[in-house]
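Here is the file final_19.txt (compact mmCIF, C-alpha atoms).
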```txt
# COMPACT_ATOMS: atom_id res chain seq x y z
CA MET A 1 76.19 97.68 106.65
CA LYS A 2 75.20 94.15 107.49
CA ARG A 3 77.78 92.23 109.51
CA SER A 4 77.69 89.33 107.06
CA GLU A 5 78.58 91.69 104.19
CA LEU A 6 81.52 93.15 106.13
CA LEU A 7 82.82 89.68 107.01
CA LYS A 8 82.52 88.60 103.38
CA GLN A 9 84.59 91.63 102.30
CA ILE A 10 87.36 91.17 104.86
CA LYS A 11 87.60 87.41 104.29
CA LYS A 12 87.82 87.98 100.53
CA GLU A 13 90.89 90.15 101.18
CA GLY A 14 92.58 87.34 103.13
CA CYS A 15 91.71 88.23 106.73
CA ILE A 16 91.02 85.30 109.03
CA PHE A 17 89.13 84.73 112.27
CA LEU A 18 91.59 84.73 115.16
CA ARG A 19 89.48 84.24 118.29
CA PRO A 20 86.18 85.17 119.89
CA GLY A 21 85.94 87.99 122.41
CA SER A 22 83.15 88.69 124.87
CA ARG A 23 81.15 90.91 122.49
CA HIS A 24 83.40 90.97 119.44
CA ASP A 25 85.21 88.54 117.17
CA ILE A 26 88.87 89.26 116.50
CA TYR A 27 90.07 89.12 112.89
CA ILE A 28 93.66 89.38 111.68
CA ASN A 29 95.22 90.27 108.37
CA PRO A 30 98.15 87.83 108.02
CA LYS A 31 99.82 90.08 105.41
CA THR A 32 100.10 93.05 107.79
CA GLY A 33 99.74 91.37 111.19
CA GLN A 34 97.01 93.86 112.18
CA LYS A 35 94.24 92.62 114.46
CA GLN A 36 90.83 94.26 114.72
CA PRO A 37 87.68 93.44 116.70
CA VAL A 38 84.44 93.12 114.75
CA PRO A 39 81.25 93.58 116.78
CA ARG A 40 78.58 90.89 116.71
CA HIS A 41 75.75 93.34 115.96
CA LEU A 42 73.62 92.48 112.93
CA GLU A 43 74.10 96.02 111.62
CA ILE A 44 77.46 97.79 111.80
CA ASP A 45 77.71 101.55 111.31
CA ASN A 46 79.26 102.43 107.94
CA GLU A 47 81.94 104.60 109.55
CA LEU A 48 82.90 101.76 111.90
CA ALA A 49 83.02 99.30 108.98
CA LYS A 50 85.28 101.71 107.09
CA HIS A 51 87.54 102.03 110.15
CA ILE A 52 87.77 98.23 110.54
CA LYS A 53 88.71 97.75 106.88
CA LYS A 54 91.22 100.60 106.97
CA TYR A 55 92.90 99.30 110.14
CA LEU A 56 93.14 95.79 108.67
CA GLY A 57 94.84 97.29 105.60
CA ILE A 58 92.08 96.47 103.14
CA ILE A 59 91.42 100.09 102.10
CA LYS A 60 93.76 103.06 102.21
```
Structure translated into structure tokens:
Amino acid sequence: MKRSELLKQIKKEGCIFLRPGSRHDIYINPKTGQKQPVPRHLEIDNELAKHIKKYLGIIK
């Protein structure tokens, strides 16, 4: 999955950029309070993308 597509999906669900990390950007879901790092790679493995969305509370 392209990083831009993942970011579009998580932002659509209400997640916001919290802060930059050294190799990741940290996003937070204000509804749940969950934080999750998103790597800055152009391509993100589908399993990792699924994990990020699940941890942020976007998918169950």
As a PyMOL selection string, please: the residues near range 27-41 of chain A (cut-off 8 Å, all atoms listed in the file, same-chain neighbours under 6 positions excluded).
chain A and resi 3+14-19+52+55-57
Selection export as a PDB file, keeping the file's coordinate frame, atoms kept: C-alpha atoms:
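Produced file again-v4.pdb, reproduced below:
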```pdb
ATOM      1  CA  ARG A   3      77.780  92.230 109.510  1.00  0.00           C
ATOM      2  CA  GLY A  14      92.580  87.340 103.130  1.00  0.00           C
ATOM      3  CA  CYS A  15      91.710  88.230 106.730  1.00  0.00           C
ATOM      4  CA  ILE A  16      91.020  85.300 109.030  1.00  0.00           C
ATOM      5  CA  PHE A  17      89.130  84.730 112.270  1.00  0.00           C
ATOM      6  CA  LEU A  18      91.590  84.730 115.160  1.00  0.00           C
ATOM      7  CA  ARG A  19      89.480  84.240 118.290  1.00  0.00           C
ATOM      8  CA  ILE A  52      87.770  98.230 110.540  1.00  0.00           C
ATOM      9  CA  TYR A  55      92.900  99.300 110.140  1.00  0.00           C
ATOM     10  CA  LEU A  56      93.140  95.790 108.670  1.00  0.00           C
ATOM     11  CA  GLY A  57      94.840  97.290 105.600  1.00  0.00           C
TER      12      GLY A  57
END
```
Shortest contact to Ile59 in chain A, candidates A:Lys2, A:Glu13, A:Leu7, A:Ile26, atoms counted only C-alpha atoms, goes to A:Glu13
### Message
Quick check, in Å to one decimal: how far apart do CA of Met1 in chain A and CA of Ile44 in chain A lie?
### Response
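For CA of Met1 in chain A relative to CA of Ile44 in chain A, the distance reads 5.3 Å.
The two atoms in question, CA of Asp25 in chain A and CA of Ala49 in chain A, are spaced 13.7 Å apart.
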CA of Gly21 in chain A to CA of Ile58 in chain A measures 21.9 Å
Enclose all atoms of range 34-38 of chain A listed in the file in an axis-aligned box, grow every side by 3 Å, and hand back centre and edge lengths in Å to one decimal, as AutoDock Vina command-line options.
```
--center_x 90.7 --center_y 93.4 --center_z 114.4 --size_x 18.6 --size_y 7.6 --size_z 10.5
```
Using the partial input, fill out range 22-33 of chain A with all heavy atoms; write the result as a PDB file, in the coordinates of the input.
```
ATOM      1  N   SER A  22      84.413  88.748 124.131  1.00  0.00           N
ATOM      2  CA  SER A  22      83.150  88.690 124.870  1.00  0.00           C
ATOM      3  C   SER A  22      81.992  89.227 124.029  1.00  0.00           C
ATOM      4  O   SER A  22      80.925  88.631 123.998  1.00  0.00           O
ATOM      5  CB  SER A  22      83.268  89.470 126.172  1.00  0.00           C
ATOM      6  OG  SER A  22      83.562  90.824 125.911  1.00  0.00           O
ATOM      7  N   ARG A  23      82.203  90.341 123.330  1.00  0.00           N
ATOM      8  CA  ARG A  23      81.150  90.910 122.490  1.00  0.00           C
ATOM      9  C   ARG A  23      81.598  91.147 121.059  1.00  0.00           C
ATOM     10  O   ARG A  23      80.859  91.699 120.257  1.00  0.00           O
ATOM     11  CB  ARG A  23      80.671  92.230 123.088  1.00  0.00           C
ATOM     12  CG  ARG A  23      79.946  92.033 124.386  1.00  0.00           C
ATOM     13  CD  ARG A  23      79.357  93.313 124.891  1.00  0.00           C
ATOM     14  NE  ARG A  23      78.611  93.042 126.116  1.00  0.00           N
ATOM     15  CZ  ARG A  23      78.590  93.842 127.150  1.00  0.00           C
ATOM     16  NH1 ARG A  23      79.262  94.970 127.123  1.00  0.00           N
ATOM     17  NH2 ARG A  23      77.889  93.533 128.210  1.00  0.00           N
ATOM     18  N   HIS A  24      82.834  90.768 120.756  1.00  0.00           N
ATOM     19  CA  HIS A  24      83.400  90.970 119.440  1.00  0.00           C
ATOM     20  C   HIS A  24      84.130  89.700 119.006  1.00  0.00           C
ATOM     21  O   HIS A  24      84.489  88.874 119.840  1.00  0.00           O
ATOM     22  CB  HIS A  24      84.421  92.107 119.448  1.00  0.00           C
ATOM     23  CG  HIS A  24      83.858  93.433 119.794  1.00  0.00           C
ATOM     24  ND1 HIS A  24      83.520  93.793 121.079  1.00  0.00           N
ATOM     25  CD2 HIS A  24      83.564  94.495 119.022  1.00  0.00           C
ATOM     26  CE1 HIS A  24      83.043  95.023 121.069  1.00  0.00           C
ATOM     27  NE2 HIS A  24      83.060  95.476 119.837  1.00  0.00           N
ATOM     28  N   ASP A  25      84.332  89.576 117.708  1.00  0.00           N
ATOM     29  CA  ASP A  25      85.210  88.540 117.170  1.00  0.00           C
ATOM     30  C   ASP A  25      86.456  89.247 116.674  1.00  0.00           C
ATOM     31  O   ASP A  25      86.381  90.333 116.099  1.00  0.00           O
ATOM     32  CB  ASP A  25      84.534  87.795 116.017  1.00  0.00           C
ATOM     33  CG  ASP A  25      83.391  86.907 116.504  1.00  0.00           C
ATOM     34  OD1 ASP A  25      83.478  86.390 117.632  1.00  0.00           O
ATOM     35  OD2 ASP A  25      82.427  86.728 115.747  1.00  0.00           O
ATOM     36  N   ILE A  26      87.607  88.645 116.882  1.00  0.00           N
ATOM     37  CA  ILE A  26      88.870  89.260 116.500  1.00  0.00           C
ATOM     38  C   ILE A  26      89.316  88.655 115.164  1.00  0.00           C
ATOM     39  O   ILE A  26      89.401  87.431 115.024  1.00  0.00           O
ATOM     40  CB  ILE A  26      89.968  89.023 117.559  1.00  0.00           C
ATOM     41  CG1 ILE A  26      89.474  89.386 118.962  1.00  0.00           C
ATOM     42  CG2 ILE A  26      91.233  89.788 117.189  1.00  0.00           C
ATOM     43  CD1 ILE A  26      89.075  90.816 119.154  1.00  0.00           C
ATOM     44  N   TYR A  27      89.576  89.533 114.201  1.00  0.00           N
ATOM     45  CA  TYR A  27      90.070  89.120 112.890  1.00  0.00           C
ATOM     46  C   TYR A  27      91.467  89.677 112.701  1.00  0.00           C
ATOM     47  O   TYR A  27      91.807  90.725 113.227  1.00  0.00           O
ATOM     48  CB  TYR A  27      89.141  89.617 111.776  1.00  0.00           C
ATOM     49  CG  TYR A  27      87.904  88.764 111.667  1.00  0.00           C
ATOM     50  CD1 TYR A  27      86.818  88.977 112.503  1.00  0.00           C
ATOM     51  CD2 TYR A  27      87.840  87.722 110.756  1.00  0.00           C
ATOM     52  CE1 TYR A  27      85.702  88.176 112.441  1.00  0.00           C
ATOM     53  CE2 TYR A  27      86.717  86.917 110.677  1.00  0.00           C
ATOM     54  CZ  TYR A  27      85.652  87.149 111.514  1.00  0.00           C
ATOM     55  OH  TYR A  27      84.547  86.346 111.449  1.00  0.00           O
ATOM     56  N   ILE A  28      92.293  88.961 111.927  1.00  0.00           N
ATOM     57  CA  ILE A  28      93.660  89.380 111.680  1.00  0.00           C
ATOM     58  C   ILE A  28      93.946  89.320 110.181  1.00  0.00           C
ATOM     59  O   ILE A  28      93.431  88.452 109.476  1.00  0.00           O
ATOM     60  CB  ILE A  28      94.670  88.484 112.455  1.00  0.00           C
ATOM     61  CG1 ILE A  28      96.092  89.004 112.316  1.00  0.00           C
ATOM     62  CG2 ILE A  28      94.560  87.044 112.038  1.00  0.00           C
ATOM     63  CD1 ILE A  28      97.104  88.330 113.227  1.00  0.00           C
ATOM     64  N   ASN A  29      94.739  90.277 109.736  1.00  0.00           N
ATOM     65  CA  ASN A  29      95.220  90.270 108.370  1.00  0.00           C
ATOM     66  C   ASN A  29      96.631  89.689 108.408  1.00  0.00           C
ATOM     67  O   ASN A  29      97.549  90.341 108.890  1.00  0.00           O
ATOM     68  CB  ASN A  29      95.237  91.687 107.785  1.00  0.00           C
ATOM     69  CG  ASN A  29      95.604  91.711 106.327  1.00  0.00           C
ATOM     70  OD1 ASN A  29      96.168  90.771 105.812  1.00  0.00           O
ATOM     71  ND2 ASN A  29      95.272  92.803 105.659  1.00  0.00           N
ATOM     72  N   PRO A  30      96.829  88.462 107.930  1.00  0.00           N
ATOM     73  CA  PRO A  30      98.150  87.830 108.020  1.00  0.00           C
ATOM     74  C   PRO A  30      99.231  88.575 107.237  1.00  0.00           C
ATOM     75  O   PRO A  30     100.408  88.477 107.565  1.00  0.00           O
ATOM     76  CB  PRO A  30      97.946  86.434 107.448  1.00  0.00           C
ATOM     77  CG  PRO A  30      96.508  86.272 107.204  1.00  0.00           C
ATOM     78  CD  PRO A  30      95.849  87.594 107.324  1.00  0.00           C
ATOM     79  N   LYS A  31      98.845  89.336 106.215  1.00  0.00           N
ATOM     80  CA  LYS A  31      99.820  90.080 105.410  1.00  0.00           C
ATOM     81  C   LYS A  31     100.438  91.219 106.210  1.00  0.00           C
ATOM     82  O   LYS A  31     101.622  91.500 106.074  1.00  0.00           O
ATOM     83  CB  LYS A  31      99.151  90.643 104.158  1.00  0.00           C
ATOM     84  CG  LYS A  31      98.613  89.591 103.225  1.00  0.00           C
ATOM     85  CD  LYS A  31      97.822  90.226 102.114  1.00  0.00           C
ATOM     86  CE  LYS A  31      97.034  89.172 101.355  1.00  0.00           C
ATOM     87  NZ  LYS A  31      96.077  89.774 100.451  1.00  0.00           N
ATOM     88  N   THR A  32      99.618  91.892 107.039  1.00  0.00           N
ATOM     89  CA  THR A  32     100.100  93.050 107.790  1.00  0.00           C
ATOM     90  C   THR A  32     100.289  92.755 109.267  1.00  0.00           C
ATOM     91  O   THR A  32     100.955  93.511 109.961  1.00  0.00           O
ATOM     92  CB  THR A  32      99.113  94.220 107.656  1.00  0.00           C
ATOM     93  OG1 THR A  32      97.862  93.842 108.227  1.00  0.00           O
ATOM     94  CG2 THR A  32      98.918  94.631 106.207  1.00  0.00           C
ATOM     95  N   GLY A  33      99.660  91.698 109.769  1.00  0.00           N
ATOM     96  CA  GLY A  33      99.740  91.370 111.190  1.00  0.00           C
ATOM     97  C   GLY A  33      98.783  92.189 112.053  1.00  0.00           C
ATOM     98  O   GLY A  33      98.802  92.061 113.270  1.00  0.00           O
TER      99      GLY A  33
END
```
